[in-house]
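Read through the structure below, which is laid out as structure tokens, and then see the notes.
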Amino acid sequence: MVASLPEILRGEGLPRYEAITPEAVNAHIPELMTELEAELEVLEQGLHQQLSSGGGPLGWSAVMDPLQRLGERLRWSWGVVSHLNGVCNSTELREAHAAQQATVVAFGNRAGQSQVIYRALERLQQQAEAGGAHGLDGAQRRILAAELRDMQLRGVGLSGAEQEAFNAASQELAELSTRFGNQVLDATNGWTLRLSDPAEVEGLPASLLDQLAQAARGAGEEAASGAAGPWLLGLDMPRYAPFMKYSRRRDLRERLYKAHVSRASGQDDGSPDDSSPDDNGAAERNNWPLIERILTLRGEQAHRLGYANWAEVSLAAKMADSEAAVEGLLEELRAAAHPVAQAELQALRDCARRHGAPEADDLKPWDVTFWAEVLRQESFELDSEALRPYFPLPRVLEGLFALCNRLFGIRIEAADGEAPVWHPDVRFFRILEAHGAADGQPLAAFYLDPYSRPGSKRGGAWMDECLVRSRRPDGTPVLPVAYLICNQSPPVGDTPSLMTFEEVETLFHEFGHGLQHMLTTVERPQAAGINGVEWDAVELPSQFMENWCYDRATLLGMARHWQSGEPLPEQEFTKLHAARTFMGGAATLRQVHFALVDLKLHSQWHPGCGQTPEQLRRSIAATTTVLAPIDEDAFLCSFGHIFAGGYAAGYYSYKWAEVLSADAFGAFEEVGLENEEQIRDTGRRFRDTVLSLGGSLDPKQVFEAFRGRQPSSEALIRHSGLVAV
């Protein structure tokens, strides 16, 4: 690449984020798309000549390599724009992204529907099946089969009006998905509630008071302090979740809960004296019409492709071989979890009754988290908030990195200042080999953006690709680089980010995704890291890493008080471990509910089915919840996983992969978690299979290579506390 190219067109290396402005997006993405169109035409012309001349066999380098280079240039440039849209969202960037998205989608359709490229891929596959000098290795065969399948799913078999309708729907779906996510972000940011009376914050821990006061200062309250207020409540998780857990003001919990579950549904929070600005824009931020339109378009796309519904389209590229197989797993988990969740709800009622609470006989959803925390403290003498000082982010990172050294033989070193960043909060790290002859060899790098920024950063946590492992045309390696994004409690004043245990688990989870991306040894980028891994297997490494948060050596090695340096008392670890499956029935049932709603919306709902998507969801809730959704509950309007992300008819993947991850961790339990030599050996085997092989092998084969057999759901049911151990 020529160094003088505009940054957004460079297409390689670590991006200079400050140069990728909304103006640069609008100025140079059209230029990039014109170049890519021209390169695609040249590729097609060359392939057409080869195919029509009846010449010699096609080589991988003549078809797949140039196709991959085209895709990588687009992935690099548009990927940076999409990344910044998620972590540095602004009106200007949002508009620039929306203005260029149609061209990007159109190019994807154009390449994915190229008849010449499809015929060339078919020829390549035929040659591979014939073997001989033109045979392909196993990774190449999987990449080729996936590309042919994906082109079929992108409409390569369509023509004329059907193809035009397919492409128009693809464009509209991309626009609706982006709009859906933006409206959730706006609705989350648009609701605030100013609290000034100390009675309104009764029961809240000091850390939350400090955070709410910091939010108030950010909104212009000069005198705000944690002790005296005022305090600004919001719907972002670092403020919402602990308020629901600790607030003794049931009326405020109700108000906050209703605002949260009605986000982006066109409702306000139902309070006549709402002081937030949300009232002005709530009606405009209404995702209900988008939901019906998205589901309708997906159904139409499925029919154009020859499938009965979108669930069939989704499963065509996944590990699960049928909707019945998915439903079988979900029913197995539902049947195990439902009676446990009912018993858990009764235990909460009994707890509330012991405390003389008037709601004891009529618990509502906004009571559950509060009384669960009360019962947890009583049952295990475990105060979640009291654990925060033992989990300052720097110490948690040290513990996570030490675990990775122990299990996988890698060394992780801070490299702040060695790479451009998009925000001062962001850190940069490098990963090095830490054993054998290759000790010290660079392997990968990653960015960590840990803190919540409600004004500009979308909620949730995720891992994404910055650079993918590959080789340049001159043979030099491109090492993988990951984005690791969390939304945990930010530092307050001189106090570092003191993490909840749930935030520790989230960090470990996302780092698991990052490890699969970064420790891959596959050098064909289409199958490196998470690429080419079936979606319902991709959560295996992430959920696997969560298990180590309950490992004694790992937890006690990193949990130290941020001021005194004292380790977490042994009895607190014992309590944490004992409480691991607390409310496990409710947690499992919640995920089953989301997964089944997603699956049924994409297999059963259509405009003429006689019910709305919400009515279908509520019918499913009859057997997948123990407290029916309240009237204001519009959860679907903020279900970004399936309407603004990649989980459509695939949310079940969390539970499908959790079967794999629990069983994988079982291999470590079986050799003994304190058997250091065996743990290291098992960890290296996990690295050499699950983390290394990426999409180069079928996930069933990868799992068997690690575990020696196919997976069983027994470990998951046991880990979830749904059966007696």
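Order determines the names: the first chain of the structure tokens is A, the second B, and so forth; residues in each chain are numbered 1 upward, and ligands are numbered 1 upward as they are shown.
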Do you know which residues are at most 12 Å from Pro442 in chain A counting only C-alpha atoms, after dropping those on the same chain fewer than 2 positions away, and could you put them as a PDB file with all heavy atoms, in the first residue's frame?
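Output (selection_18.pdb):
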```pdb
ATOM      1  N   ILE A 410       1.587 -18.626  27.399  1.00  0.00           N
ATOM      2  CA  ILE A 410       1.773 -17.343  26.734  1.00  0.00           C
ATOM      3  C   ILE A 410       2.061 -16.269  27.774  1.00  0.00           C
ATOM      4  O   ILE A 410       1.718 -16.408  28.940  1.00  0.00           O
ATOM      5  CB  ILE A 410       0.542 -16.941  25.900  1.00  0.00           C
ATOM      6  CG1 ILE A 410      -0.719 -16.859  26.778  1.00  0.00           C
ATOM      7  CG2 ILE A 410       0.337 -17.903  24.736  1.00  0.00           C
ATOM      8  CD1 ILE A 410      -1.952 -16.340  26.057  1.00  0.00           C
ATOM      9  N   ARG A 411       2.717 -15.200  27.343  1.00  0.00           N
ATOM     10  CA  ARG A 411       3.013 -14.069  28.210  1.00  0.00           C
ATOM     11  C   ARG A 411       2.319 -12.839  27.622  1.00  0.00           C
ATOM     12  O   ARG A 411       2.408 -12.594  26.405  1.00  0.00           O
ATOM     13  CB  ARG A 411       4.524 -13.845  28.300  1.00  0.00           C
ATOM     14  CG  ARG A 411       4.933 -12.779  29.284  1.00  0.00           C
ATOM     15  CD  ARG A 411       6.423 -12.856  29.616  1.00  0.00           C
ATOM     16  NE  ARG A 411       7.294 -12.538  28.485  1.00  0.00           N
ATOM     17  CZ  ARG A 411       8.013 -13.444  27.835  1.00  0.00           C
ATOM     18  NH1 ARG A 411       7.955 -14.733  28.180  1.00  0.00           N
ATOM     19  NH2 ARG A 411       8.789 -13.090  26.831  1.00  0.00           N
ATOM     20  N   ILE A 412       1.632 -12.089  28.472  1.00  0.00           N
ATOM     21  CA  ILE A 412       0.896 -10.905  28.019  1.00  0.00           C
ATOM     22  C   ILE A 412       1.524  -9.684  28.668  1.00  0.00           C
ATOM     23  O   ILE A 412       1.661  -9.619  29.888  1.00  0.00           O
ATOM     24  CB  ILE A 412      -0.595 -11.018  28.383  1.00  0.00           C
ATOM     25  CG1 ILE A 412      -1.195 -12.281  27.748  1.00  0.00           C
ATOM     26  CG2 ILE A 412      -1.355  -9.776  27.912  1.00  0.00           C
ATOM     27  CD1 ILE A 412      -2.614 -12.576  28.169  1.00  0.00           C
ATOM     28  N   GLU A 413       1.926  -8.715  27.831  1.00  0.00           N
ATOM     29  CA  GLU A 413       2.639  -7.541  28.323  1.00  0.00           C
ATOM     30  C   GLU A 413       1.943  -6.266  27.868  1.00  0.00           C
ATOM     31  O   GLU A 413       1.475  -6.173  26.726  1.00  0.00           O
ATOM     32  CB  GLU A 413       4.086  -7.541  27.802  1.00  0.00           C
ATOM     33  CG  GLU A 413       4.897  -8.724  28.284  1.00  0.00           C
ATOM     34  CD  GLU A 413       6.318  -8.729  27.724  1.00  0.00           C
ATOM     35  OE1 GLU A 413       6.579  -7.927  26.782  1.00  0.00           O
ATOM     36  OE2 GLU A 413       7.151  -9.517  28.206  1.00  0.00           O
ATOM     37  N   PHE A 429      -2.120  -4.244  24.476  1.00  0.00           N
ATOM     38  CA  PHE A 429      -1.288  -5.315  25.030  1.00  0.00           C
ATOM     39  C   PHE A 429      -0.748  -6.191  23.907  1.00  0.00           C
ATOM     40  O   PHE A 429      -1.382  -6.334  22.859  1.00  0.00           O
ATOM     41  CB  PHE A 429      -2.108  -6.192  25.982  1.00  0.00           C
ATOM     42  CG  PHE A 429      -2.617  -5.492  27.209  1.00  0.00           C
ATOM     43  CD1 PHE A 429      -3.828  -4.805  27.181  1.00  0.00           C
ATOM     44  CD2 PHE A 429      -1.889  -5.517  28.392  1.00  0.00           C
ATOM     45  CE1 PHE A 429      -4.317  -4.159  28.305  1.00  0.00           C
ATOM     46  CE2 PHE A 429      -2.375  -4.876  29.525  1.00  0.00           C
ATOM     47  CZ  PHE A 429      -3.586  -4.192  29.481  1.00  0.00           C
ATOM     48  N   ARG A 430       0.391  -6.803  24.162  1.00  0.00           N
ATOM     49  CA  ARG A 430       0.962  -7.777  23.232  1.00  0.00           C
ATOM     50  C   ARG A 430       1.011  -9.152  23.883  1.00  0.00           C
ATOM     51  O   ARG A 430       1.193  -9.273  25.102  1.00  0.00           O
ATOM     52  CB  ARG A 430       2.362  -7.360  22.778  1.00  0.00           C
ATOM     53  CG  ARG A 430       2.363  -6.051  21.991  1.00  0.00           C
ATOM     54  CD  ARG A 430       3.642  -5.842  21.206  1.00  0.00           C
ATOM     55  NE  ARG A 430       3.641  -4.563  20.520  1.00  0.00           N
ATOM     56  CZ  ARG A 430       3.040  -4.338  19.352  1.00  0.00           C
ATOM     57  NH1 ARG A 430       2.396  -5.325  18.749  1.00  0.00           N
ATOM     58  NH2 ARG A 430       3.079  -3.137  18.788  1.00  0.00           N
ATOM     59  N   ILE A 431       0.878 -10.199  23.057  1.00  0.00           N
ATOM     60  CA  ILE A 431       0.949 -11.582  23.524  1.00  0.00           C
ATOM     61  C   ILE A 431       2.189 -12.228  22.918  1.00  0.00           C
ATOM     62  O   ILE A 431       2.406 -12.152  21.694  1.00  0.00           O
ATOM     63  CB  ILE A 431      -0.307 -12.371  23.129  1.00  0.00           C
ATOM     64  CG1 ILE A 431      -1.539 -11.783  23.821  1.00  0.00           C
ATOM     65  CG2 ILE A 431      -0.161 -13.847  23.480  1.00  0.00           C
ATOM     66  CD1 ILE A 431      -2.826 -12.549  23.568  1.00  0.00           C
ATOM     67  N   LEU A 432       2.992 -12.868  23.778  1.00  0.00           N
ATOM     68  CA  LEU A 432       4.238 -13.506  23.359  1.00  0.00           C
ATOM     69  C   LEU A 432       4.218 -14.977  23.742  1.00  0.00           C
ATOM     70  O   LEU A 432       3.588 -15.376  24.733  1.00  0.00           O
ATOM     71  CB  LEU A 432       5.441 -12.833  24.026  1.00  0.00           C
ATOM     72  CG  LEU A 432       5.516 -11.297  23.951  1.00  0.00           C
ATOM     73  CD1 LEU A 432       6.661 -10.781  24.819  1.00  0.00           C
ATOM     74  CD2 LEU A 432       5.694 -10.836  22.514  1.00  0.00           C
ATOM     75  N   GLU A 433       4.926 -15.785  22.967  1.00  0.00           N
ATOM     76  CA  GLU A 433       5.137 -17.183  23.344  1.00  0.00           C
ATOM     77  C   GLU A 433       5.952 -17.210  24.630  1.00  0.00           C
ATOM     78  O   GLU A 433       6.842 -16.386  24.829  1.00  0.00           O
ATOM     79  CB  GLU A 433       5.872 -17.912  22.219  1.00  0.00           C
ATOM     80  CG  GLU A 433       5.966 -19.412  22.392  1.00  0.00           C
ATOM     81  CD  GLU A 433       4.607 -20.084  22.334  1.00  0.00           C
ATOM     82  OE1 GLU A 433       4.041 -20.227  21.238  1.00  0.00           O
ATOM     83  OE2 GLU A 433       4.117 -20.461  23.422  1.00  0.00           O
ATOM     84  N   ALA A 434       5.664 -18.165  25.525  1.00  0.00           N
ATOM     85  CA  ALA A 434       6.336 -18.159  26.830  1.00  0.00           C
ATOM     86  C   ALA A 434       6.923 -19.510  27.192  1.00  0.00           C
ATOM     87  O   ALA A 434       7.194 -19.775  28.358  1.00  0.00           O
ATOM     88  CB  ALA A 434       5.371 -17.705  27.922  1.00  0.00           C
ATOM     89  N   ALA A 438      10.600 -21.199  21.129  1.00  0.00           N
ATOM     90  CA  ALA A 438      10.014 -19.969  20.582  1.00  0.00           C
ATOM     91  C   ALA A 438       9.751 -18.915  21.655  1.00  0.00           C
ATOM     92  O   ALA A 438       9.064 -17.929  21.380  1.00  0.00           O
ATOM     93  CB  ALA A 438       8.717 -20.301  19.854  1.00  0.00           C
ATOM     94  N   ASP A 439      10.267 -19.107  22.871  1.00  0.00           N
ATOM     95  CA  ASP A 439      10.018 -18.177  23.975  1.00  0.00           C
ATOM     96  C   ASP A 439      10.302 -16.739  23.543  1.00  0.00           C
ATOM     97  O   ASP A 439      11.371 -16.444  22.998  1.00  0.00           O
ATOM     98  CB  ASP A 439      10.902 -18.547  25.165  1.00  0.00           C
ATOM     99  CG  ASP A 439      10.598 -17.693  26.389  1.00  0.00           C
ATOM    100  OD1 ASP A 439       9.429 -17.335  26.579  1.00  0.00           O
ATOM    101  OD2 ASP A 439      11.539 -17.374  27.134  1.00  0.00           O
ATOM    102  N   GLY A 440       9.339 -15.851  23.780  1.00  0.00           N
ATOM    103  CA  GLY A 440       9.507 -14.453  23.421  1.00  0.00           C
ATOM    104  C   GLY A 440       9.021 -14.094  22.036  1.00  0.00           C
ATOM    105  O   GLY A 440       8.983 -12.908  21.672  1.00  0.00           O
ATOM    106  N   ALA A 444       0.481 -12.100  18.968  1.00  0.00           N
ATOM    107  CA  ALA A 444      -0.740 -11.348  18.705  1.00  0.00           C
ATOM    108  C   ALA A 444      -0.733 -10.095  19.574  1.00  0.00           C
ATOM    109  O   ALA A 444       0.224  -9.836  20.325  1.00  0.00           O
ATOM    110  CB  ALA A 444      -1.972 -12.201  19.019  1.00  0.00           C
ATOM    111  N   ALA A 445      -1.809  -9.324  19.467  1.00  0.00           N
ATOM    112  CA  ALA A 445      -1.991  -8.142  20.308  1.00  0.00           C
ATOM    113  C   ALA A 445      -3.486  -7.882  20.451  1.00  0.00           C
ATOM    114  O   ALA A 445      -4.300  -8.440  19.717  1.00  0.00           O
ATOM    115  CB  ALA A 445      -1.291  -6.926  19.703  1.00  0.00           C
ATOM    116  N   PRO A 477       4.387 -12.568   7.921  1.00  0.00           N
ATOM    117  CA  PRO A 477       3.141 -12.842   8.645  1.00  0.00           C
ATOM    118  C   PRO A 477       2.410 -11.574   9.069  1.00  0.00           C
ATOM    119  O   PRO A 477       3.028 -10.545   9.364  1.00  0.00           O
ATOM    120  CB  PRO A 477       3.622 -13.626   9.874  1.00  0.00           C
ATOM    121  CG  PRO A 477       5.015 -13.139  10.109  1.00  0.00           C
ATOM    122  CD  PRO A 477       5.582 -12.836   8.747  1.00  0.00           C
ATOM    123  N   VAL A 478       1.081 -11.659   9.097  1.00  0.00           N
ATOM    124  CA  VAL A 478       0.229 -10.659   9.733  1.00  0.00           C
ATOM    125  C   VAL A 478      -0.276 -11.290  11.016  1.00  0.00           C
ATOM    126  O   VAL A 478      -0.961 -12.322  10.988  1.00  0.00           O
ATOM    127  CB  VAL A 478      -0.963 -10.266   8.840  1.00  0.00           C
ATOM    128  CG1 VAL A 478      -1.898  -9.319   9.593  1.00  0.00           C
ATOM    129  CG2 VAL A 478      -0.485  -9.626   7.547  1.00  0.00           C
ATOM    130  N   LEU A 479       0.094 -10.712  12.159  1.00  0.00           N
ATOM    131  CA  LEU A 479      -0.320 -11.274  13.445  1.00  0.00           C
ATOM    132  C   LEU A 479      -1.697 -10.742  13.822  1.00  0.00           C
ATOM    133  O   LEU A 479      -2.023  -9.582  13.555  1.00  0.00           O
ATOM    134  CB  LEU A 479       0.696 -10.921  14.531  1.00  0.00           C
ATOM    135  CG  LEU A 479       2.100 -11.486  14.325  1.00  0.00           C
ATOM    136  CD1 LEU A 479       3.012 -11.101  15.491  1.00  0.00           C
ATOM    137  CD2 LEU A 479       2.072 -12.997  14.154  1.00  0.00           C
ATOM    138  N   PRO A 480      -2.524 -11.569  14.441  1.00  0.00           N
ATOM    139  CA  PRO A 480      -3.883 -11.140  14.782  1.00  0.00           C
ATOM    140  C   PRO A 480      -3.906 -10.080  15.874  1.00  0.00           C
ATOM    141  O   PRO A 480      -3.076 -10.089  16.792  1.00  0.00           O
ATOM    142  CB  PRO A 480      -4.563 -12.434  15.248  1.00  0.00           C
ATOM    143  CG  PRO A 480      -3.446 -13.339  15.649  1.00  0.00           C
ATOM    144  CD  PRO A 480      -2.267 -12.975  14.803  1.00  0.00           C
ATOM    145  N   VAL A 481      -4.871  -9.174  15.752  1.00  0.00           N
ATOM    146  CA  VAL A 481      -5.115  -8.142  16.765  1.00  0.00           C
ATOM    147  C   VAL A 481      -6.612  -8.122  17.028  1.00  0.00           C
ATOM    148  O   VAL A 481      -7.417  -8.131  16.094  1.00  0.00           O
ATOM    149  CB  VAL A 481      -4.631  -6.751  16.298  1.00  0.00           C
ATOM    150  CG1 VAL A 481      -4.934  -5.696  17.369  1.00  0.00           C
ATOM    151  CG2 VAL A 481      -3.137  -6.774  15.984  1.00  0.00           C
ATOM    152  N   MET A 518      -6.718 -14.856  18.670  1.00  0.00           N
ATOM    153  CA  MET A 518      -5.298 -14.495  18.707  1.00  0.00           C
ATOM    154  C   MET A 518      -4.342 -15.683  18.696  1.00  0.00           C
ATOM    155  O   MET A 518      -3.196 -15.557  18.254  1.00  0.00           O
ATOM    156  CB  MET A 518      -5.031 -13.620  19.933  1.00  0.00           C
ATOM    157  CG  MET A 518      -5.723 -12.262  19.867  1.00  0.00           C
ATOM    158  SD  MET A 518      -5.324 -11.168  21.245  1.00  0.00           S
ATOM    159  CE  MET A 518      -6.235 -11.923  22.598  1.00  0.00           C
ATOM    160  N   LEU A 519      -4.773 -16.834  19.209  1.00  0.00           N
ATOM    161  CA  LEU A 519      -3.857 -17.979  19.304  1.00  0.00           C
ATOM    162  C   LEU A 519      -4.028 -18.966  18.160  1.00  0.00           C
ATOM    163  O   LEU A 519      -3.462 -20.060  18.187  1.00  0.00           O
ATOM    164  CB  LEU A 519      -4.045 -18.694  20.642  1.00  0.00           C
ATOM    165  CG  LEU A 519      -3.693 -17.870  21.887  1.00  0.00           C
ATOM    166  CD1 LEU A 519      -3.770 -18.731  23.141  1.00  0.00           C
ATOM    167  CD2 LEU A 519      -2.309 -17.233  21.769  1.00  0.00           C
TER     168      LEU A 519
END
```
Taking 3 positions as the minimum chain separation for residues in the same chain, which residues sit within 10 Å of Pro424 in chain A when counting only C-alpha atoms? Answer as a CSV table (one decimal) with C-alpha atoms, in the first residue's frame.
```csv
chain,number,residue,atom,x,y,z
A,421,VAL,CA,-6.2,4.3,20.3
A,427,ARG,CA,-5.2,0.1,26.5
A,449,ASP,CA,-11.7,-0.7,26.1
```
Hey, what's within 10 Å of Asn487 in chain A if we count only C-alpha atoms and toss same-chain stuff fewer than 6 positions away? As a PyMOL selection string, please?
chain A and resi 236-238+449-454+457-462+503+506-507
If we count only C-alpha atoms, what is near Cys351 in chain A at a cut-off of 8 Å, once residues fewer than 3 positions away on the same chain are taken out, given as a PyMOL selection string?
chain A and resi 347-348+354-355+360+371+374-375
Kindly export the residues of the current selection with C-alpha atoms, as a short mmCIF file (atom, residue, chain, number, x, y, z; two decimals), in the first residue's frame.
```cif
data_model
loop_
_atom_site.label_atom_id
_atom_site.label_comp_id
_atom_site.auth_asym_id
_atom_site.auth_seq_id
_atom_site.Cartn_x
_atom_site.Cartn_y
_atom_site.Cartn_z
CA ALA A 347 -37.78 -18.87 48.40
CA LEU A 348 -37.74 -15.16 47.51
CA ARG A 354 -39.63 -12.96 56.93
CA HIS A 355 -38.67 -9.31 56.51
CA ALA A 360 -44.21 -10.90 49.78
CA TRP A 371 -34.80 -10.01 47.30
CA VAL A 374 -31.04 -10.23 50.39
CA LEU A 375 -31.47 -14.01 50.31
#
```
Which polymer residues have any atom within 8 Å of an atom of Trp535 in chain A, counting only C-alpha atoms, with same-chain residues fewer than 2 positions away left out, as a list in words?
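Near neighbours after the sequence-gap exclusion: Ala317, Lys318, Met319, Val533, Ala537, Val538, Glu539, Gly650 and Ser653 of chain A.
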Filtering to N, CA, C and O atoms, could you give me those residues as a short mmCIF file (atom, residue, chain, number, x, y, z; two decimals), in the first residue's frame?
```
data_model
loop_
_atom_site.label_atom_id
_atom_site.label_comp_id
_atom_site.auth_asym_id
_atom_site.auth_seq_id
_atom_site.Cartn_x
_atom_site.Cartn_y
_atom_site.Cartn_z
N ALA A 317 -25.93 -22.99 8.21
CA ALA A 317 -24.50 -22.72 8.41
C ALA A 317 -24.06 -22.95 9.84
O ALA A 317 -23.04 -22.41 10.27
N LYS A 318 -24.82 -23.75 10.59
CA LYS A 318 -24.48 -23.95 12.00
C LYS A 318 -24.20 -25.41 12.32
O LYS A 318 -24.43 -26.30 11.52
N MET A 319 -23.71 -25.62 13.54
CA MET A 319 -23.36 -26.96 14.01
C MET A 319 -24.61 -27.81 14.21
O MET A 319 -24.64 -28.98 13.85
N VAL A 533 -15.79 -20.74 11.98
CA VAL A 533 -16.31 -21.53 13.10
C VAL A 533 -17.83 -21.39 13.12
O VAL A 533 -18.35 -20.27 13.10
N ALA A 537 -20.90 -22.84 17.85
CA ALA A 537 -19.72 -23.37 18.54
C ALA A 537 -18.78 -22.25 18.97
O ALA A 537 -17.85 -22.49 19.74
N VAL A 538 -19.04 -21.03 18.49
CA VAL A 538 -18.08 -19.95 18.68
C VAL A 538 -18.02 -19.46 20.13
O VAL A 538 -17.05 -18.83 20.54
N GLU A 539 -19.05 -19.77 20.94
CA GLU A 539 -19.04 -19.35 22.35
C GLU A 539 -18.29 -20.35 23.24
O GLU A 539 -18.19 -20.13 24.45
N GLY A 650 -30.37 -17.68 16.13
CA GLY A 650 -29.12 -18.27 16.60
C GLY A 650 -28.81 -17.96 18.05
O GLY A 650 -27.73 -18.28 18.54
N SER A 653 -27.39 -20.43 20.44
CA SER A 653 -25.96 -20.77 20.38
C SER A 653 -25.29 -20.67 21.73
O SER A 653 -24.34 -21.41 22.02
#
```
Hey, which bits of range 74-177 of chain A sit within 12 Å of range 682-698 of chain A, and for each residue what's the closest pair of atoms and how far apart in Å (one decimal), counting only C-alpha atoms, rows by chain and increasing number, as a tab-separated table?
```
residue	atom	partner	partner_atom	distance
A:Asp137	CA	A:Ser696	CA	9.6
A:Gly138	CA	A:Ser696	CA	7.0
A:Ala139	CA	A:Ser696	CA	4.3
A:Gln140	CA	A:Ser696	CA	7.7
A:Arg141	CA	A:Ser696	CA	8.8
A:Arg142	CA	A:Ser696	CA	6.6
A:Ile143	CA	A:Ser696	CA	7.5
A:Leu144	CA	A:Ser696	CA	10.9
A:Ala145	CA	A:Ser696	CA	11.5
A:Ala146	CA	A:Gly695	CA	10.1
```
Residues within 10 Å of range 592-597 of chain A, only C-alpha atoms, excluding chain neighbours under 5 positions, as a ChimeraX atom specification:
/A:326-327,329-334,337,586-587,602-603,613-614,616-625,635-636,639,642,647-655
Quick one: pull the distance between CA of Glu359 in chain A and CA of Gly585 in chain A, Å, one decimal.
22.0 Å
How would you write, as an MDAnalysis selection string, the set of residues in range 150-371 of chain A that DSSP gives as alpha helix (DSSP H)?
chainID A and resid 150:153 160:190 206:218 237:246 250:261 278:281 288:304 310:315 323:354 365:371
Hey, what does DSSP flag as strand (DSSP E) within range 353-545 of chain A? Can you give it to me as a VMD selection string?
chain A and resid 410 to 414 427 to 433 442 to 451 462 to 467 470 to 471 477 to 478 481 to 488
Judged by only C-alpha atoms, the minimum distance to Val156 in chain A among A:Ser114, A:Leu382, A:Gly532, A:Glu676 is found for A:Ser114
Counting only C-alpha atoms, which of A:Glu704, A:Asp186, A:Asp150, A:Asp536 gets nearest to Asn287 in chain A?
A:Asp186
Residues within 6 Å of range 195-208 of chain A, please, as number ranges by chain. Count only C-alpha atoms; anything in the same chain fewer than 5 positions from it doesn't count.
A: 229-231, 246-248
Closest atom pairs, residues of range 628-706 of chain A within 8 Å of range 166-181 of chain A, only C-alpha atoms, as a Markdown table:
```
| residue | atom | partner | partner_atom | distance |
| --- | --- | --- | --- | --- |
| A:Ser638 | CA | A:Gly181 | CA | 7.9 |
| A:Gly640 | CA | A:Gly181 | CA | 6.3 |
| A:Phe643 | CA | A:Ser177 | CA | 5.9 |
| A:Ala644 | CA | A:Ser177 | CA | 4.4 |
| A:Gly645 | CA | A:Ser177 | CA | 7.5 |
```
Please produce a file of those selected residues containing C-alpha atoms, as a JSON list (two decimals), in the first residue's frame.
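Written file, part.json:
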```json
[["chain", "number", "residue", "atom", "x", "y", "z"],
["A", 638, "SER", "CA", -34.16, -3.85, 22.82],
["A", 640, "GLY", "CA", -30.28, -6.25, 19.83],
["A", 643, "PHE", "CA", -32.47, -7.51, 15.48],
["A", 644, "ALA", "CA", -29.21, -5.53, 15.38],
["A", 645, "GLY", "CA", -26.61, -8.29, 15.63]]
```
Just give me the gap between CA of Ala215 in chain A and CA of Arg239 in chain A in Å, one decimal is fine.
9.5 Å
At a cut-off of 8 Å, can you tabulate as JSON lines every residue of range 408-511 of chain A near range 4-25 of chain A together with its closest atom pair and the distance in Å to one decimal, using only C-alpha atoms and ordering rows by chain then number?
```
{"residue": "A:Ala419", "atom": "CA", "partner": "A:Leu14", "partner_atom": "CA", "distance": 7.1}
{"residue": "A:Pro420", "atom": "CA", "partner": "A:Arg16", "partner_atom": "CA", "distance": 5.6}
{"residue": "A:Val421", "atom": "CA", "partner": "A:Tyr17", "partner_atom": "CA", "distance": 6.4}
{"residue": "A:Trp422", "atom": "CA", "partner": "A:Tyr17", "partner_atom": "CA", "distance": 5.5}
{"residue": "A:Cys466", "atom": "CA", "partner": "A:Leu14", "partner_atom": "CA", "distance": 7.5}
{"residue": "A:Leu467", "atom": "CA", "partner": "A:Gly13", "partner_atom": "CA", "distance": 7.3}
```
Select, from A:Asn182, A:Glu129, A:Ala634, A:Ile717, the residue with the minimum atom-to-atom distance to Trp288 in chain A, counting only C-alpha atoms.
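Checking each of A:Asn182, A:Glu129, A:Ala634, A:Ile717 against Trp288 in chain A, counting only C-alpha atoms, the winner is A:Ala634.
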Counting only C-alpha atoms, the residue of A:Leu58, A:Ala320, A:Leu515, A:Leu498 that sits nearest Ala482 in chain A:
A:Leu515
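Take CA of Trp548 in chain A and CA of Trp562 in chain A: the distance between them is 21.2 Å.
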